[in-house]
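Taking it in order: structure first as structure tokens, then the write-up.
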There are 4 protein chains.
Amino acid sequence: MKKTVVICLFLILNCIFSYSQRKMVHLPDLPGYVTLKCDFHLHTVFSDGEVWPTVRVDEALRDGLDAISITDHIEYTPKKDFIPVDLNAAWEITESYAKERNLILIHGTEITRKMPPGHFNALFIKDAALIERDSVWDSFESAIKQGAFIQWNHPGWKSQQPDGIPKIYDIHKRLLKNGWIHGIEFFNDNEYYPLVLEMCKQNNLAIMGNSDAHGTISEIYAKDTNRPMTLVFAKEKSHDSLKEALFAGRTLVYFRDILAGKEEYAKPFFYQCISVNKPYYQNEKSLFFEVTNKSDIPFYLINGIANAPAFITLAANSVTRVVVNKSVKLPLQYDVRNVLTGEKQVLKIELKY
Amino acid sequence: MKKTVVICLFLILNCIFSYSQRKMVHLPDLPGYVTLKCDFHLHTVFSDGEVWPTVRVDEALRDGLDAISITDHIEYTPKKDFIPVDLNAAWEITESYAKERNLILIHGTEITRKMPPGHFNALFIKDAALIERDSVWDSFESAIKQGAFIQWNHPGWKSQQPDGIPKIYDIHKRLLKNGWIHGIEFFNDNEYYPLVLEMCKQNNLAIMGNSDAHGTISEIYAKDTNRPMTLVFAKEKSHDSLKEALFAGRTLVYFRDILAGKEEYAKPFFYQCISVNKPYYQNEKSLFFEVTNKSDIPFYLINGIANAPAFITLAANSVTRVVVNKSVKLPLQYDVRNVLTGEKQVLKIELKY
Amino acid sequence: MKKTVVICLFLILNCIFSYSQRKMVHLPDLPGYVTLKCDFHLHTVFSDGEVWPTVRVDEALRDGLDAISITDHIEYTPKKDFIPVDLNAAWEITESYAKERNLILIHGTEITRKMPPGHFNALFIKDAALIERDSVWDSFESAIKQGAFIQWNHPGWKSQQPDGIPKIYDIHKRLLKNGWIHGIEFFNDNEYYPLVLEMCKQNNLAIMGNSDAHGTISEIYAKDTNRPMTLVFAKEKSHDSLKEALFAGRTLVYFRDILAGKEEYAKPFFYQCISVNKPYYQNEKSLFFEVTNKSDIPFYLINGIANAPAFITLAANSVTRVVVNKSVKLPLQYDVRNVLTGEKQVLKIELKY
Amino acid sequence: MKKTVVICLFLILNCIFSYSQRKMVHLPDLPGYVTLKCDFHLHTVFSDGEVWPTVRVDEALRDGLDAISITDHIEYTPKKDFIPVDLNAAWEITESYAKERNLILIHGTEITRKMPPGHFNALFIKDAALIERDSVWDSFESAIKQGAFIQWNHPGWKSQQPDGIPKIYDIHKRLLKNGWIHGIEFFNDNEYYPLVLEMCKQNNLAIMGNSDAHGTISEIYAKDTNRPMTLVFAKEKSHDSLKEALFAGRTLVYFRDILAGKEEYAKPFFYQCISVNKPYYQNEKSLFFEVTNKSDIPFYLINGIANAPAFITLAANSVTRVVVNKSVKLPLQYDVRNVLTGEKQVLKIELKY
């Protein structure tokens with residue numbers, strides 16, 4: 001008989017709250033590498049951010065990150081009437097806090113100039129104060145001397161580049177020639193710049209994706225929306241391996257349901273996310289098989305061949321049923337609409353069991 | 001500088017909607033067994049439910065189930081003025097629909113009597129019409145002849161057992177003596193009956209947990225709340241293996257953040273969910289290590305020993321940091337507050353790396 | 001001092017669950033009229049839907065509707081092997097069920113033909129069985145004799161109109177000439193057809209928006225997304241007033257964050273939703289005032305004049321701060337991007353305090 | 001026919017993001033008073049909080065508050081190595097920022113001592129630095145000289161009162177006798193102290209409810225859960241009216257689904273939230289009428305009289321159907337389980353149309 005259940009009997013236990021947990025982000029490793037989830041662009045009250053540095057560590061754990069860098073501006077410190085300028089303060093405050101929480105913390109800072117050349121993060125530095133120089137060239141040189149990985153930030157940011165399209169100025173050419181730029185942001189905040197994929201491929205740079213958060217992450221990104229992150233394929237989870245991998249350009253970037261990067265990483269990453277099972281059923285006309293996507297990223301397959309579905313959504317953390325005509329020849333070829341490998345190019349993949 | 005991002009640039013792609021997907025439920029297998037997620041108690045318009053039978057299949061896929069049984073009432077068919085009574089209709093309508101979707105469908109029905117003996121599901125039957133008999137004893141006999149697994153439904157349902165406490169009447173004793181009851185519901189709808197754990201242990205029965213849904217699942221259970229389900233540890237994902245495992249009593253039940261069942265299954269299941277890593281850090285006083293819980297079930301560890309945390313929440317799909325005094329001796333012992341192994345008993349576990 | 005709150009102390013009380021409630025939808029009345037929230041296109045197991053008719057009433061209450069019509073197909077009854085065809089069954093089953101719940105139920109049915117003429121709902125009928133005729137013209141005639149309001153359903157549905165653009169065929173012209181079409185769907189399911197606004201304005205018809213639900217509403221529309229609905233401006237909340245208002249064409253349609261309809265209703269409706277307060281603050285350069293939007297619909301104001309914001313989002317159920325240069329002259333003129341009054345036309349409004 | 005809608009056609013417009021909006025909290029005014037939603041206990045980086053002061057203003061707008069006070073600790077400033085102690089800094093930083101946003105900002109600070117006497121907020125002060133004194137009595141005297149309203153914070157906080165039960169020590173008696181305590185927190189963070197209701201009634205004090213937030217509000221309280229707030233019944237929305245109302249003790253406190261305070265305010269507030277309509281339907285046995293709850297607070301009515309429902313949930317922002325036997329005499333009497341008017345006392349109300 002129909003039961004009119006009226007009162008919920010359970011004491012909800014799950015409100016025990018703590019910052020001791022790191023969320024598991026379901027993103028696979030690549031063969032021979034671990035996938036480190038990273039955000040290399042964050043601000044605090046020590047420049048123009050709105051939070052204390054330890055908040056960036058807490059947020060990173062909650063979001064399942066493996067590494068972050070706090071990169072307060074060198075040349076822009078609007079809170080100095082209340083907080084004395086100390087370019088290494090955020091690093092000092094969080095160094096052991098991060099260690100105790102198994103988060104890799106990268107010492108960083110942001111060189112903050114008008115365009116050109118714009119804004120740059122120097123990562124893996126030793127002393128941000130030394131990078132504060134009148135000449136931007138001197139700032140770069142000081143960072144390089146410290147062994148920095150230098151990332152060009154939001155090259156299409158409209159406040160500096162009104163048409164939104166990244167442009168390589170003379171100074172960028174000279175920096176590139178010197179080997180003083182090692183990566184460029186494709187994702188920054190809520191923006192992305194498709195041309196960056198080509199710029200990175202041509203100059204053999206790492207493709208970067210970061211939040212550039214000033215306020216709190218939970219207010220910038222809606223619940224159930226991840227922040228932009230750089231996926232770094234490192235030999236192991238350690239500070240030095242991360243550094244090696246970045247200089248080697250082994251990255252993809254991920255935000256909302258878009259994955260972007262060089263095909264050499266995007267393709268094996270896709271195949272690590274999914275698996276295709278043998279058919280579980282057939283009838284007179286059709287074969288039925290399942291594709292498992294064990295990652296947090298949905299994949300939108302389009303442009304299917306004849307006798308196969310024209311498009312398939314491989315939802316995140318799901319098993320998708322695929323029905324094909326028995327006459328179809330494997331493999332099935334598809335474009336993955338949300339995996340970008342070039343300015344106007346998406347990943348091409350094949351499904352076979 | 002602080003950027004006032006104003007317009008969201010992304011076309012949200014993820015609204016492609018389809019019933020082709022089965023959600024991945026993160027619940028591990030046991031060594032030698034696959035964990036089948038099942039709901040063995042569902043109604044449709046063919047008795048007093050509100051949905052067409054195929055809806056039960058669609059819902060099951062969305063919820064990540066491996067097997068269901070539609071168990072319309074034999075003796076209660078309030079829609080008969082509009083829908084002619086046909087006790088096998090739901091089975092006929094969904095049989096191939098389920099096969100095409102890789103869902104194990106169990107032919108079932110509900111024997112629906114006043115207490116005693118109350119309501120019982122006969123599962124793995126061949127013809128529900130034969131079970132419609134004046135005498136409840138004859139109904140049981142007919143089901144047993146068909147090879148049925150018989151489950152006692154919601155034994156503490158207040159409409160039939162006003163104090164909410166399951167009671168074994170004479171007829172139950174006779175049925176048990178005959179071997180005609182094989183399982184009892186611990187979870188039903190939004191209720192649970194702690195005493196069922198003891199009843200099942202004493203009589204060597206399977207512990208069952210089901211939704212008993214009449215309306216649509218998505219309106220009964222809040223978003224992000226799973227329905228009650230029976231976890232069956234089967235030798236493989238197949239109809240026959242499922243049947244063998246049920247008769248062998250290899251089950252746990254799961255609803256919201258409560259897991260319940262016999263210790264012999266609850267303990268290895270817990271250890272399959274979690275893993276303890278070597279310490280990643282130490283300082284003068286403390287050791288820091290991580291416990292990974294890769295399941296969808298949080299575990300609330302309480303009653304910790306001296307020099308270790310008094311309680312630890314191993315959040316679902318998370319890595320939890322544990323800090324202990326260097327003097328502590330492993331293993332750490334805990335009670336798992338939300339894993340019930342008896343009427344007043346919870347699982348005891350040990351953590352060691 | 002910082003407190004590490006660890007355990008949530010509250011028993012969550014709010015899980016008492018019931019279908020006794022009607023959600024309050026915050027949509028204002030128009031002067032002289034009450035705004036009735038309606039869905040005039042719904043299916044059940046009596047044609048090709050998946051739910052029992054009372055589910056449509058329960059869903060309507062949960063969604064805050066005032067009126068619905070269940071409009072099962074006349075010519076398409078794929079469940080007839082299990083459910084004998086009875087074109088008035090859904091009406092009979094829900095008539096008193098709706099009355100007890102203060103929901104206006106409109107007796108309706110769907111004439112279901114190939115294009116042309118396509119599908120049409122006959123609303124306010126007395127006997128659907130009489131409308132089952134070989135000739136579609138005869139079906140229309142029978143409906144009209146019963147006093148029906150006839151709605152042309154999803155005129156751009158791609159299964160019948162592959163380019164997605166509604167087209168007026170000869171038979172439509174004859175039906176219109178006879179006065180046998182009284183409204184056209186602009187919203188249907190997840191689609192909308194901009195051209196319908198022009199067709200309705202030219203022919204003096206009511207603009208309609210409905211869900212055309214076959215499955216359950218809660219699975220078709222994401223949580224926090226309303227279903228498509230027709231807002232009818234009736235003299236009072238009653239069956240007859242609703243009918244009078246529909247024939248008079250006093251409607252708007254609403255889905256997600258889009259409102260559409262004739263300017264004569266859209267404009268006063270907008271002004272009923274918002275109010276502009278006197279400035280609460282000024283400094284040397286600027287005046288600060290607030291605009292309250294007490295409706296559930298956000299309004300996206302664009303194309304602002306000089307010295308005022310270029311665009312303003314009046315978020316739903318919110319008070320929005322507006323800062324203008326002191327030199328600006330009121331009123332401020334805006335286009336409301338998400339209030340459509342023609343195929344390529346949006347509502348123009350003015351803000352003044 | 002059943003339509004398999006596959007691709008969502010709408011560009012989601014509603015992601016235009018801004019801090020310009022104040023959420024509308026649906027809590028009614030009392031006759032003669034406006035209901036101001038307030039949080040009088042907040043921390044920033046200027047003591048042991050984790051956010052910049054303007055964040056507290058932004059959060060307040062998002063949560064629909066009318067007034068806040070930032071109350072950094074006087075005696076506890078753990079960030080002083082990086083941020084020089086400045087007890088009025090948060091006030092200076094937010095004063096005009098709040099004015100431009102139409103938020104009432106109360107200059108406040110927290111006197112932070114061991115128990116007894118514990119922690120106290122001094123509100124409506126002029127200079128927090130003057131309150132920093134060796135003797136707590138001198139601190140109180142300085143605050144009182146500045147015209148402060150003094151609130152006793154979290155009197156049952158277990159770090160200071162291990163059994164969790166507020167206790168009035170000698171110094172409290174002397175402070176009360178002097179008229180130097182004007183309110184006590186009933187809600188603080190995620191805790192509440194039932195005894196505070198009696199303490200406030202006996203001593204004629206205002207009942208207070210505040211978040212005491214150190215981190216960001218959005219991470220402390222789950223989405224869709226309001227923070228604790230004090231509802232102040234003021235003659236108008238202004239700094240001075242708010243002050244007058246607080247000294248007069250015209251408050252209620254609200255958190256999750258619990259409302260608490262003196263019956264003289266709780267009762268009329270309840271009746272402002274709800275309205276009872278005339279019956280819309282009757283049959284042979286029963287009368288059907290509706291109760292509208294236009295507030296954000298659900299009300300759980302229990303202990304109904306014979307022939308009426310034993311309990312009724314008046315869900316927030318909903319219209320609830322009530323069915324009574326025709327023989328029942330109005331008014332219906334109920335206890336409101338979640339409106340607390342004493343340590344062990346709930347509000348008693350009557351429903352009549």
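How things are named: the first chain in the structure tokens is A, the next is B, and so on; residues count from 1 in each chain; ligands count from 1 in the order shown.
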Close residues, Pro279 of chain C itself excluded, 6 Å, only C-alpha atoms, min 2 positions apart in chain, as a list in words: Tyr281, Phe288 and Phe289 of chain C
Considering only C-alpha atoms, return as a PyMOL selection string whatever protein or nucleic-acid residues lie within 6 Å of segment 110-123 of chain B, sequence-local ones (same chain, fewer than 3 positions apart) excluded. chain B and resi 71-75+148-153+160
Can you pull out the residues contacting segment 168-177 of chain D? Cut-off 12 Å, using only C-alpha atoms, and skip same-chain residues under 5 positions away; I want them as a PyMOL selection string. chain D and resi 115-120+136-141+144+150-152+155-156+161+182-184+195-196+198-200+202-205
Using N, CA and C atoms, can you write the selected residues to a file as a compact mmCIF listing (two decimals), in the first residue's frame?
```txt
# COMPACT_ATOMS: atom_id res chain seq x y z
N MET D 115 36.93 33.44 31.25
CA MET D 115 35.67 33.36 32.01
C MET D 115 36.01 33.18 33.48
N PRO D 116 35.36 33.89 34.42
CA PRO D 116 34.54 35.06 34.15
C PRO D 116 35.38 36.28 33.91
N PRO D 117 34.89 37.30 33.20
CA PRO D 117 33.52 37.37 32.70
C PRO D 117 33.36 36.80 31.29
N GLY D 118 34.45 36.45 30.57
CA GLY D 118 34.32 35.95 29.20
C GLY D 118 34.44 37.05 28.15
N HIS D 119 33.75 36.85 27.03
CA HIS D 119 33.85 37.78 25.89
C HIS D 119 32.60 38.66 25.79
N PHE D 120 32.84 39.92 25.41
CA PHE D 120 31.74 40.89 25.29
C PHE D 120 31.96 41.77 24.08
N VAL D 136 39.35 44.58 33.25
CA VAL D 136 38.17 44.41 32.42
C VAL D 136 37.08 45.40 32.83
N TRP D 137 37.03 45.71 34.12
CA TRP D 137 36.04 46.67 34.61
C TRP D 137 36.27 48.03 33.95
N ASP D 138 37.54 48.41 33.84
CA ASP D 138 37.85 49.68 33.18
C ASP D 138 37.46 49.65 31.71
N SER D 139 37.65 48.50 31.08
CA SER D 139 37.24 48.37 29.68
C SER D 139 35.74 48.60 29.55
N PHE D 140 34.96 47.96 30.41
CA PHE D 140 33.52 48.17 30.38
C PHE D 140 33.18 49.64 30.60
N GLU D 141 33.84 50.24 31.58
CA GLU D 141 33.52 51.63 31.90
C GLU D 141 33.79 52.54 30.70
N ILE D 144 31.07 51.99 28.14
CA ILE D 144 29.81 52.61 28.58
C ILE D 144 29.85 54.13 28.40
N ILE D 150 26.30 46.75 25.25
CA ILE D 150 27.25 45.67 25.53
C ILE D 150 26.55 44.32 25.51
N GLN D 151 27.09 43.46 24.68
CA GLN D 151 26.52 42.12 24.47
C GLN D 151 27.47 41.06 25.04
N TRP D 152 26.92 40.18 25.85
CA TRP D 152 27.70 39.03 26.35
C TRP D 152 27.71 37.96 25.27
N PRO D 155 27.85 32.71 25.92
CA PRO D 155 28.08 32.42 27.35
C PRO D 155 28.24 30.93 27.65
N GLY D 156 27.85 30.06 26.72
CA GLY D 156 28.00 28.63 26.97
C GLY D 156 29.09 27.99 26.12
N GLN D 161 33.37 27.37 29.18
CA GLN D 161 32.33 26.90 30.08
C GLN D 161 32.10 25.43 29.72
N HIS D 182 23.66 44.59 28.05
CA HIS D 182 22.38 44.94 27.42
C HIS D 182 21.79 43.82 26.57
N GLY D 183 22.60 42.82 26.31
CA GLY D 183 22.10 41.70 25.50
C GLY D 183 23.00 40.49 25.67
N ILE D 184 22.48 39.31 25.33
CA ILE D 184 23.27 38.08 25.42
C ILE D 184 23.03 37.26 24.15
N LEU D 195 19.21 28.43 27.73
CA LEU D 195 19.05 29.16 28.99
C LEU D 195 19.09 30.68 28.80
N VAL D 196 19.73 31.12 27.73
CA VAL D 196 19.85 32.57 27.50
C VAL D 196 18.48 33.23 27.41
N GLU D 198 15.88 32.63 29.20
CA GLU D 198 15.45 32.96 30.57
C GLU D 198 16.28 34.10 31.15
N MET D 199 17.59 34.06 30.93
CA MET D 199 18.47 35.11 31.44
C MET D 199 18.06 36.48 30.90
N CYS D 200 17.69 36.51 29.64
CA CYS D 200 17.31 37.80 29.03
C CYS D 200 15.95 38.26 29.54
N GLN D 202 14.60 37.55 32.45
CA GLN D 202 14.71 37.97 33.86
C GLN D 202 15.40 39.32 34.01
N ASN D 203 16.36 39.59 33.15
CA ASN D 203 17.15 40.81 33.30
C ASN D 203 16.78 41.89 32.29
N ASN D 204 15.72 41.59 31.54
CA ASN D 204 15.25 42.59 30.58
C ASN D 204 16.33 42.98 29.57
N LEU D 205 16.93 41.97 28.97
CA LEU D 205 18.00 42.20 28.01
C LEU D 205 17.55 41.79 26.60
```
Provide as an NGL selection string the residues of chain D at most 9 Å from chain A, counting only C-alpha atoms. :D and (17 or 45 or 49-55 or 82-84 or 86 or 89 or 215-216 or 218-220 or 223)
For the structure I just gave you, how does DSSP split segment 81-199 of chain B - specifically, which residues are alpha helix (DSSP H)? Reply as a ChimeraX atom specification. /B:89-100,136-145,170-178,195-199
Select from segment 88-171 of chain D everything DSSP, run on the backbone, classes as strand (DSSP E or B), then give the selection as a PyMOL selection string. chain D and resi 104-112+119-123+149-152
Once you have the residues from the selection above, write them out as a short mmCIF file (atom, residue, chain, number, x, y, z; two decimals), in the first residue's frame, restricted to all heavy atoms.
```
data_model
loop_
_atom_site.label_atom_id
_atom_site.label_comp_id
_atom_site.auth_asym_id
_atom_site.auth_seq_id
_atom_site.Cartn_x
_atom_site.Cartn_y
_atom_site.Cartn_z
N ILE D 104 23.99 49.58 7.13
CA ILE D 104 24.28 50.25 8.40
C ILE D 104 25.48 49.57 9.04
O ILE D 104 25.46 48.36 9.27
CB ILE D 104 23.08 50.19 9.35
CG1 ILE D 104 21.85 50.90 8.73
CG2 ILE D 104 23.43 50.82 10.69
CD1 ILE D 104 20.57 50.75 9.53
N LEU D 105 26.52 50.34 9.29
CA LEU D 105 27.72 49.79 9.91
C LEU D 105 27.80 50.32 11.33
O LEU D 105 27.73 51.53 11.57
CB LEU D 105 28.96 50.22 9.11
CG LEU D 105 30.28 49.62 9.57
CD1 LEU D 105 30.38 48.16 9.18
CD2 LEU D 105 31.45 50.41 8.98
N ILE D 106 27.96 49.41 12.29
CA ILE D 106 28.04 49.78 13.71
C ILE D 106 29.49 49.65 14.13
O ILE D 106 30.10 48.59 13.94
CB ILE D 106 27.20 48.80 14.57
CG1 ILE D 106 25.79 48.64 14.01
CG2 ILE D 106 27.21 49.21 16.02
CD1 ILE D 106 25.00 49.89 14.01
N HIS D 107 30.04 50.68 14.68
CA HIS D 107 31.42 50.63 15.18
C HIS D 107 31.42 49.75 16.44
O HIS D 107 30.71 50.01 17.39
CB HIS D 107 31.89 52.05 15.50
CG HIS D 107 33.38 52.17 15.66
ND1 HIS D 107 34.03 53.37 15.65
CD2 HIS D 107 34.35 51.24 15.85
CE1 HIS D 107 35.34 53.18 15.83
NE2 HIS D 107 35.55 51.89 15.95
N GLY D 108 32.25 48.70 16.40
CA GLY D 108 32.25 47.78 17.53
C GLY D 108 33.61 47.18 17.80
O GLY D 108 34.56 47.36 17.03
N THR D 109 33.70 46.45 18.91
CA THR D 109 34.93 45.73 19.24
C THR D 109 34.59 44.63 20.22
O THR D 109 33.50 44.62 20.80
CB THR D 109 35.99 46.69 19.85
OG1 THR D 109 37.25 46.05 19.82
CG2 THR D 109 35.65 47.05 21.29
N GLU D 110 35.52 43.68 20.39
CA GLU D 110 35.26 42.58 21.31
C GLU D 110 36.25 42.61 22.48
O GLU D 110 37.47 42.49 22.29
CB GLU D 110 35.35 41.22 20.60
CG GLU D 110 34.99 40.06 21.53
CD GLU D 110 34.73 38.73 20.80
OE1 GLU D 110 35.00 38.65 19.60
OE2 GLU D 110 34.24 37.80 21.47
N ILE D 111 35.71 42.76 23.68
CA ILE D 111 36.48 42.63 24.91
C ILE D 111 36.64 41.13 25.16
O ILE D 111 35.65 40.41 25.24
CB ILE D 111 35.75 43.32 26.09
CG1 ILE D 111 35.57 44.81 25.78
CG2 ILE D 111 36.47 43.08 27.39
CD1 ILE D 111 34.58 45.51 26.71
N THR D 112 37.87 40.67 25.28
CA THR D 112 38.16 39.24 25.16
C THR D 112 38.91 38.75 26.38
O THR D 112 40.13 38.83 26.46
CB THR D 112 39.02 39.03 23.88
OG1 THR D 112 38.39 39.68 22.78
CG2 THR D 112 39.19 37.55 23.58
N HIS D 119 33.75 36.85 27.03
CA HIS D 119 33.85 37.78 25.89
C HIS D 119 32.60 38.66 25.79
O HIS D 119 31.49 38.19 26.02
CB HIS D 119 33.99 37.00 24.58
CG HIS D 119 35.25 36.18 24.46
ND1 HIS D 119 35.71 35.69 23.26
CD2 HIS D 119 36.16 35.79 25.38
CE1 HIS D 119 36.83 35.01 23.45
NE2 HIS D 119 37.11 35.04 24.75
N PHE D 120 32.84 39.92 25.41
CA PHE D 120 31.74 40.89 25.29
C PHE D 120 31.96 41.77 24.08
O PHE D 120 33.07 42.25 23.86
CB PHE D 120 31.67 41.77 26.54
CG PHE D 120 31.27 41.02 27.77
CD1 PHE D 120 32.20 40.26 28.47
CD2 PHE D 120 29.95 41.03 28.20
CE1 PHE D 120 31.82 39.54 29.59
CE2 PHE D 120 29.57 40.29 29.32
CZ PHE D 120 30.51 39.54 30.02
N ASN D 121 30.92 42.01 23.33
CA ASN D 121 31.01 42.99 22.25
C ASN D 121 30.49 44.34 22.74
O ASN D 121 29.40 44.41 23.33
CB ASN D 121 30.18 42.57 21.04
CG ASN D 121 30.95 41.59 20.17
OD1 ASN D 121 32.10 41.26 20.46
ND2 ASN D 121 30.31 41.13 19.10
N ALA D 122 31.28 45.38 22.49
CA ALA D 122 30.81 46.74 22.73
C ALA D 122 30.42 47.34 21.38
O ALA D 122 31.26 47.43 20.48
CB ALA D 122 31.92 47.56 23.38
N LEU D 123 29.16 47.67 21.22
CA LEU D 123 28.63 48.18 19.95
C LEU D 123 28.30 49.66 20.07
O LEU D 123 27.98 50.14 21.16
CB LEU D 123 27.38 47.39 19.56
CG LEU D 123 27.52 45.86 19.54
CD1 LEU D 123 26.16 45.21 19.29
CD2 LEU D 123 28.53 45.43 18.48
N PHE D 149 26.34 49.74 23.63
CA PHE D 149 25.45 48.62 23.92
C PHE D 149 26.38 47.43 24.10
O PHE D 149 27.18 47.12 23.21
CB PHE D 149 24.51 48.40 22.73
CG PHE D 149 23.63 47.20 22.83
CD1 PHE D 149 22.32 47.31 23.31
CD2 PHE D 149 24.09 45.93 22.46
CE1 PHE D 149 21.50 46.20 23.39
CE2 PHE D 149 23.28 44.82 22.55
CZ PHE D 149 21.97 44.95 23.02
N ILE D 150 26.30 46.75 25.25
CA ILE D 150 27.25 45.67 25.53
C ILE D 150 26.55 44.32 25.51
O ILE D 150 25.55 44.10 26.20
CB ILE D 150 27.98 45.91 26.86
CG1 ILE D 150 28.83 47.19 26.72
CG2 ILE D 150 28.88 44.71 27.20
CD1 ILE D 150 29.68 47.52 27.93
N GLN D 151 27.09 43.46 24.68
CA GLN D 151 26.52 42.12 24.47
C GLN D 151 27.47 41.06 25.04
O GLN D 151 28.65 41.05 24.72
CB GLN D 151 26.35 41.92 22.96
CG GLN D 151 26.20 40.48 22.51
CD GLN D 151 26.32 40.36 20.99
OE1 GLN D 151 25.41 40.73 20.28
NE2 GLN D 151 27.46 39.89 20.50
N TRP D 152 26.92 40.18 25.85
CA TRP D 152 27.70 39.03 26.35
C TRP D 152 27.71 37.96 25.27
O TRP D 152 26.67 37.48 24.84
CB TRP D 152 27.05 38.52 27.65
CG TRP D 152 27.81 37.42 28.34
CD1 TRP D 152 29.03 36.90 28.04
CD2 TRP D 152 27.37 36.70 29.49
NE1 TRP D 152 29.38 35.91 28.91
CE2 TRP D 152 28.37 35.76 29.83
CE3 TRP D 152 26.21 36.74 30.30
CZ2 TRP D 152 28.26 34.88 30.91
CZ3 TRP D 152 26.09 35.86 31.37
CH2 TRP D 152 27.12 34.96 31.67
#
```
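Counting only C-alpha atoms and comparing B:Glu343, B:Asp29, B:Glu350, B:Asp212, the residue that lies closest to Lys329 of chain B is B:Glu350.
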